[in-house]
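S.K.: What follows is target10.txt, compact mmCIF, C-alpha atoms.
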# COMPACT_ATOMS: atom_id res chain seq x y z
CA MET A 1 15.74 -50.93 -110.38
CA LYS A 2 16.02 -47.11 -110.50
CA GLY A 3 12.29 -46.91 -111.24
CA TYR A 4 11.44 -48.84 -108.09
CA LEU A 5 13.92 -46.82 -106.03
CA TYR A 6 12.16 -43.63 -107.12
CA HIS A 7 8.76 -45.26 -106.53
CA ASN A 8 9.67 -46.18 -102.94
CA LEU A 9 10.98 -42.65 -102.33
CA GLU A 10 7.76 -41.24 -103.79
CA GLU A 11 5.65 -43.45 -101.50
CA LEU A 12 7.73 -42.32 -98.51
CA ILE A 13 7.09 -38.66 -99.41
CA VAL A 14 3.36 -39.38 -99.72
CA SER A 15 3.36 -41.22 -96.39
CA ILE A 16 5.10 -38.35 -94.57
CA ALA A 17 2.81 -35.74 -96.17
CA CYS A 18 -0.31 -37.69 -95.19
CA PHE A 19 0.97 -38.23 -91.64
CA ILE A 20 1.60 -34.48 -91.23
CA ILE A 21 -1.93 -33.78 -92.49
CA ALA A 22 -3.34 -36.33 -90.03
CA ILE A 23 -1.50 -34.67 -87.13
CA ALA A 24 -2.74 -31.22 -88.21
CA MET A 25 -6.34 -32.43 -88.37
CA ILE A 26 -6.10 -34.18 -84.99
CA LYS A 27 -4.94 -30.89 -83.47
CA ARG A 28 -7.90 -29.18 -85.11
CA HIS A 29 -10.20 -31.90 -83.76
CA ARG A 30 -8.94 -31.29 -80.22
CA GLN A 31 -9.74 -27.59 -80.56
CA THR A 32 -13.14 -28.14 -82.18
CA PRO A 33 -14.29 -31.79 -81.90
CA ASP A 34 -16.31 -32.88 -84.94
CA SER A 35 -16.55 -35.80 -87.33
CA LEU A 36 -15.12 -33.78 -90.23
CA SER A 37 -11.70 -33.22 -88.68
CA PHE A 38 -11.57 -36.65 -86.99
CA MET A 39 -12.40 -38.72 -90.06
CA THR A 40 -10.22 -36.56 -92.30
CA ALA A 41 -7.33 -37.23 -89.90
CA GLU A 42 -8.23 -40.92 -89.86
CA GLY A 43 -8.37 -41.03 -93.66
CA PHE A 44 -4.95 -39.44 -94.09
CA PHE A 45 -3.49 -41.70 -91.39
CA ILE A 46 -4.75 -44.73 -93.35
CA LEU A 47 -3.25 -43.25 -96.54
CA SER A 48 0.07 -42.77 -94.73
CA VAL A 49 0.17 -46.36 -93.44
CA SER A 50 -0.93 -47.67 -96.85
CA SER A 51 2.07 -46.06 -98.54
CA ILE A 52 4.39 -47.73 -96.01
CA ILE A 53 2.69 -51.07 -96.68
CA HIS A 54 3.16 -50.48 -100.42
CA ILE A 55 6.89 -49.85 -99.91
CA MET A 56 7.20 -53.05 -97.87
CA GLY A 57 5.39 -54.96 -100.62
CA HIS A 58 8.10 -53.96 -103.09
CA ILE A 59 11.06 -54.36 -100.72
CA LEU A 60 10.01 -57.86 -99.65
CA GLY A 61 9.80 -59.08 -103.25
CA GLU A 62 6.51 -57.89 -104.80
CA VAL A 63 4.30 -59.43 -102.11
CA GLN A 64 0.85 -59.48 -103.71
CA GLY A 65 -1.08 -59.28 -100.44
CA LEU A 66 0.81 -56.18 -99.32
CA LEU A 67 0.42 -54.44 -102.69
CA TYR A 68 -3.30 -55.15 -102.87
CA GLY A 69 -3.75 -54.26 -99.21
CA SER A 70 -2.05 -50.89 -99.76
CA LEU A 71 -4.33 -49.97 -102.66
CA MET A 72 -7.38 -51.05 -100.66
CA GLY A 73 -6.05 -48.73 -97.95
CA TYR A 74 -5.97 -45.85 -100.43
CA LEU A 75 -9.62 -46.53 -101.23
CA ILE A 76 -10.65 -46.66 -97.57
CA GLY A 77 -8.61 -43.55 -96.74
CA PHE A 78 -10.27 -41.45 -99.45
CA ALA A 79 -13.67 -42.90 -98.51
CA SER A 80 -13.14 -41.83 -94.89
CA ILE A 81 -12.34 -38.26 -95.96
CA LEU A 82 -15.34 -38.22 -98.30
CA ALA A 83 -17.74 -39.60 -95.67
CA SER A 84 -16.56 -37.31 -92.85
CA PRO A 85 -19.31 -34.67 -93.24
CA LEU A 86 -22.01 -37.39 -93.18
CA VAL A 87 -21.20 -38.89 -89.77
CA ARG A 88 -22.92 -37.33 -86.79
CA LYS A 89 -20.75 -35.64 -84.17
CA GLU A 90 -21.88 -37.94 -81.35
CA SER A 91 -21.57 -41.17 -83.35
CA ARG A 92 -18.24 -42.42 -81.97
CA VAL A 93 -18.36 -45.98 -83.34
CA LYS A 94 -19.16 -44.92 -86.90
CA LYS A 95 -16.09 -42.69 -86.99
CA TYR A 96 -13.85 -45.72 -86.51
CA ILE A 97 -15.47 -47.87 -89.24
CA PRO A 98 -12.89 -46.93 -91.95
CA LEU A 99 -10.01 -47.86 -89.64
CA ILE A 100 -11.68 -51.16 -88.71
CA PHE A 101 -12.23 -51.99 -92.39
CA PHE A 102 -8.63 -51.09 -93.18
CA VAL A 103 -7.27 -53.47 -90.54
CA LEU A 104 -9.61 -56.35 -91.47
CA LEU A 105 -9.07 -56.08 -95.23
CA THR A 106 -5.30 -55.72 -94.87
CA VAL A 107 -5.22 -58.91 -92.78
CA LEU A 108 -7.42 -60.61 -95.40
CA PHE A 109 -5.10 -59.67 -98.25
CA LEU A 110 -2.02 -60.66 -96.27
CA SER A 111 -3.47 -64.08 -95.53
CA SER A 112 -4.61 -64.75 -99.11
CA SER A 113 -2.39 -66.79 -101.41
CA MET A 114 -4.87 -66.68 -104.31
CA MET A 115 -4.12 -63.19 -105.57
CA ALA A 116 -4.18 -62.38 -109.24
CA ASP A 117 -1.16 -60.62 -110.71
CA PHE A 118 -1.16 -57.17 -109.10
CA PHE A 119 0.56 -55.53 -112.06
CA LYS A 120 -2.13 -56.73 -114.48
CA THR A 121 -5.18 -56.01 -112.32
CA ARG A 122 -4.23 -52.92 -110.32
CA PHE A 123 -6.59 -50.81 -112.47
CA SER A 124 -9.49 -52.46 -110.60
CA LEU A 125 -8.44 -50.52 -107.48
CA TRP A 126 -6.89 -47.42 -109.05
CA THR A 127 -10.12 -46.70 -110.98
CA PRO A 128 -12.30 -46.23 -107.85
CA THR A 129 -9.39 -44.38 -106.20
CA ALA A 130 -9.42 -41.93 -109.12
CA PHE A 131 -13.20 -41.61 -108.76
CA LEU A 132 -13.10 -40.88 -105.00
CA SER A 133 -10.26 -38.36 -105.28
CA SER A 134 -12.12 -36.68 -108.17
CA LEU A 135 -15.22 -36.33 -105.98
CA LEU A 136 -13.09 -34.71 -103.27
CA PHE A 137 -11.68 -32.32 -105.86
CA VAL A 138 -15.20 -31.31 -106.99
CA ILE A 139 -16.39 -30.84 -103.39
CA TYR A 140 -13.44 -28.63 -102.44
CA LEU A 141 -13.64 -26.75 -105.75
CA SER A 142 -17.26 -25.83 -105.07
CA GLU A 143 -16.26 -24.71 -101.57
CA TYR A 144 -13.41 -22.61 -102.97
CA ILE A 145 -15.69 -20.95 -105.55
CA ARG A 146 -18.03 -20.06 -102.70
CA ASN A 147 -15.54 -18.56 -100.22
CA ARG A 148 -12.20 -18.08 -102.09
CA LYS A 149 -10.13 -19.11 -99.06
CA LYS A 150 -6.43 -19.83 -99.72
CA HIS A 151 -6.23 -23.12 -97.83
CA ILE A 152 -9.30 -24.44 -99.64
CA GLY A 153 -7.71 -23.44 -102.94
CA ALA A 154 -4.52 -25.36 -102.10
CA ILE A 155 -6.52 -28.43 -101.04
CA THR A 156 -8.53 -28.22 -104.28
CA VAL A 157 -5.36 -28.19 -106.39
CA GLY A 158 -3.91 -31.05 -104.34
CA PHE A 159 -6.92 -33.30 -104.82
CA PHE A 160 -7.02 -32.41 -108.52
CA LEU A 161 -3.41 -33.56 -109.00
CA VAL A 162 -4.01 -36.73 -106.96
CA ALA A 163 -7.07 -37.51 -109.09
CA ILE A 164 -5.12 -36.95 -112.33
CA SER A 165 -2.27 -39.15 -111.11
CA SER A 166 -4.74 -41.92 -110.21
CA VAL A 167 -6.13 -41.81 -113.75
CA PHE A 168 -2.63 -42.39 -115.14
CA LEU A 169 -1.93 -45.16 -112.63
CA PHE A 170 -4.91 -47.34 -113.46
CA PHE A 171 -3.35 -48.09 -116.85
CA PRO A 172 -1.51 -51.45 -116.68
CA ALA A 173 1.75 -49.84 -117.85
CA ASP A 174 5.36 -50.92 -117.38
CA VAL A 175 7.69 -49.18 -114.96
CA ARG A 176 9.15 -45.98 -116.49
CA SER A 177 6.54 -45.92 -119.28
CA PHE A 178 4.80 -42.55 -119.81
CA PRO A 179 1.60 -43.34 -117.82
CA TRP A 180 3.65 -44.83 -114.95
CA MET A 181 6.07 -41.88 -114.82
CA ALA A 182 3.34 -39.25 -115.19
CA GLY A 183 1.25 -40.78 -112.41
CA HIS A 184 4.16 -41.23 -110.03
CA ILE A 185 5.53 -37.72 -110.62
CA ILE A 186 2.21 -35.88 -110.28
CA ARG A 187 1.05 -37.91 -107.24
CA PRO A 188 3.64 -36.77 -104.64
CA VAL A 189 3.28 -33.15 -105.84
CA GLY A 190 -0.47 -33.41 -105.22
CA PHE A 191 0.01 -34.75 -101.70
CA LEU A 192 2.63 -32.11 -100.86
CA ILE A 193 0.17 -29.39 -101.93
CA LEU A 194 -2.51 -31.08 -99.81
CA MET A 195 -0.08 -30.99 -96.88
CA LEU A 196 0.41 -27.27 -97.48
CA GLY A 197 -3.34 -26.63 -97.65
CA PHE A 198 -4.26 -28.61 -94.54
CA SER A 199 -1.31 -27.14 -92.58
CA MET A 200 -2.07 -23.52 -93.46
CA ARG A 201 -3.89 -21.26 -91.06
CA TRP A 202 -7.59 -21.68 -91.84
CA GLU A 203 -9.21 -18.33 -92.52
What do you get writing this file as structure tokens?
M.R.:
Amino acid sequence: MKGYLYHNLEELIVSIACFIIAIAMIKRHRQTPDSLSFMTAEGFFILSVSSIIHIMGHILGEVQGLLYGSLMGYLIGFASILASPLVRKESRVKKYIPLIFFVLLTVLFLSSSMMADFFKTRFSLWTPTAFLSSLLFVIYLSEYIRNRKKHIGAITVGFFLVAISSVFLFFPADVRSFPWMAGHIIRPVGFLILMLGFSMRWE
């Protein structure tokens, strides 16, 4: 019980951190409209909502559709952040594709009663989440090596910790086991550092 109480608190911290990042990037988008800031904001908004969905999945009695939907949201959120530099500035519809996918897939998971056991198969979604967050770490690391800006350094560290936590979390481990605890302790720290990096004054 204590493990799940901590887990829900952790998810709440992650949700708040991601929401603050989304707000910061929307403000940046209003100042300088581009796909990078918009889709980064969209990605973190999806991550924020996904954490709330995950909490509800536990509170309502381990609802498989909600738990799967939340992890799919993590995937889509990171994918939106990763794809942001690739979408053209004037392509308005494309910028909303991650949000559309998030809504459709969440509804699909909610309506499905044929889910496998989430706790035995969650690695199938945590593995690509670890991969996407690792790619973001590498991208921001290369940017930090090039310009040595403080906010980029903080974002790099944040994505590194999120990637490491995702690696721990794709192990099908019991609550309060070492992989579970390591993943769920490192993860909120990573997102809080990301919040710091994205909220800092960009040099």
S.K.: Give one line per residue of region 150-194 of chain A that approaches region 62-78 of chain A to at most 12 Å, naming the two atoms of the closest pair and their distance in Å to one decimal, counting all atoms listed in the file; sort by chain then ascending residue number and deliver it as a Markdown table.
M.R.:
| residue | atom | partner | partner_atom | distance |
| --- | --- | --- | --- | --- |
| A:Phe159 | CA | A:Phe78 | CA | 10.3 |
| A:Val162 | CA | A:Phe78 | CA | 10.9 |
| A:Ala163 | CA | A:Phe78 | CA | 10.9 |
| A:Ser166 | CA | A:Tyr74 | CA | 10.6 |
| A:Leu169 | CA | A:Leu71 | CA | 11.3 |
| A:Phe170 | CA | A:Leu71 | CA | 11.1 |
S.K.: Taking into account all atoms listed in the file, which residue in the set A:Tyr96, A:Phe45, A:Trp202, A:Phe178 is nearest to Ser165 (chain A)?
M.R.: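 Going through A:Tyr96, A:Phe45, A:Trp202, A:Phe178 one by one, the smallest distance to Ser165 (chain A) is for A:Phe178.
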S.K.: Tell me, in Å to one decimal, how far CA of Met56 (chain A) is from CA of Val103 (chain A).
M.R.: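 Spanning CA of Met56 (chain A) to CA of Val103 (chain A) is a straight-line distance of 16.2 Å.
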S.K.: Which one of A:Ser37, A:His7, A:Ala154, A:Pro98 sits closest to Gly57 (chain A) if you count only C-alpha atoms?
M.R.: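 The closest residue to Gly57 (chain A) is A:His7.
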S.K.: To one decimal place in Å, what is the distance between CA of Ser35 (chain A) and CA of Leu82 (chain A)?
M.R.: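 Separating CA of Ser35 (chain A) from CA of Leu82 (chain A) is a distance of 11.3 Å.
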S.K.: Of the residues A:Thr40, A:Ser142, A:Asn147, A:Thr127, which is the one nearest to Leu99 (chain A), using all atoms listed in the file?
M.R.: A:Thr40
S.K.: Quick one: residues within 10 Å of Leu36 (chain A), only C-alpha atoms counted, chain neighbours fewer than 2 positions away excluded, as a VMD selection string?
M.R.: chain A and resid 25 28 to 29 33 to 34 38 to 42 80 to 89 95
S.K.: Closest to His54 (chain A) among A:Ile23, A:Leu9, A:Leu132, A:Thr32, using all atoms listed in the file?
M.R.: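 Counting all atoms listed in the file, the residue closest to His54 (chain A) is A:Leu9.
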S.K.: Here is a test: counting only C-alpha atoms, which residue of A:Ile55, A:Ile16, A:Leu5, A:Ile155 is nearest to Pro188 (chain A)?
M.R.: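 So, comparing all the options, the nearest one is A:Ile16.
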S.K.: I want to know what sits within 12 Å of Val167 (chain A), based on all atoms listed in the file, with residues of the same chain fewer than 2 positions away left out; could you give that as a ChimeraX atom specification?
M.R.: /A:122-134,160-165,169-173,179-180,182-184,186-187
S.K.: Can you measure CA of Val14 (chain A) to CA of Phe198 (chain A) for me? One decimal in Å is fine.
M.R.: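 CA of Val14 (chain A) sits 14.2 Å away from CA of Phe198 (chain A).
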S.K.: Which residue, A:Ile53, A:Leu135, A:Ile13, A:Val157, has the smallest gap to Gly190 (chain A) when you use all atoms listed in the file?
M.R.: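 Closest candidate: A:Val157.
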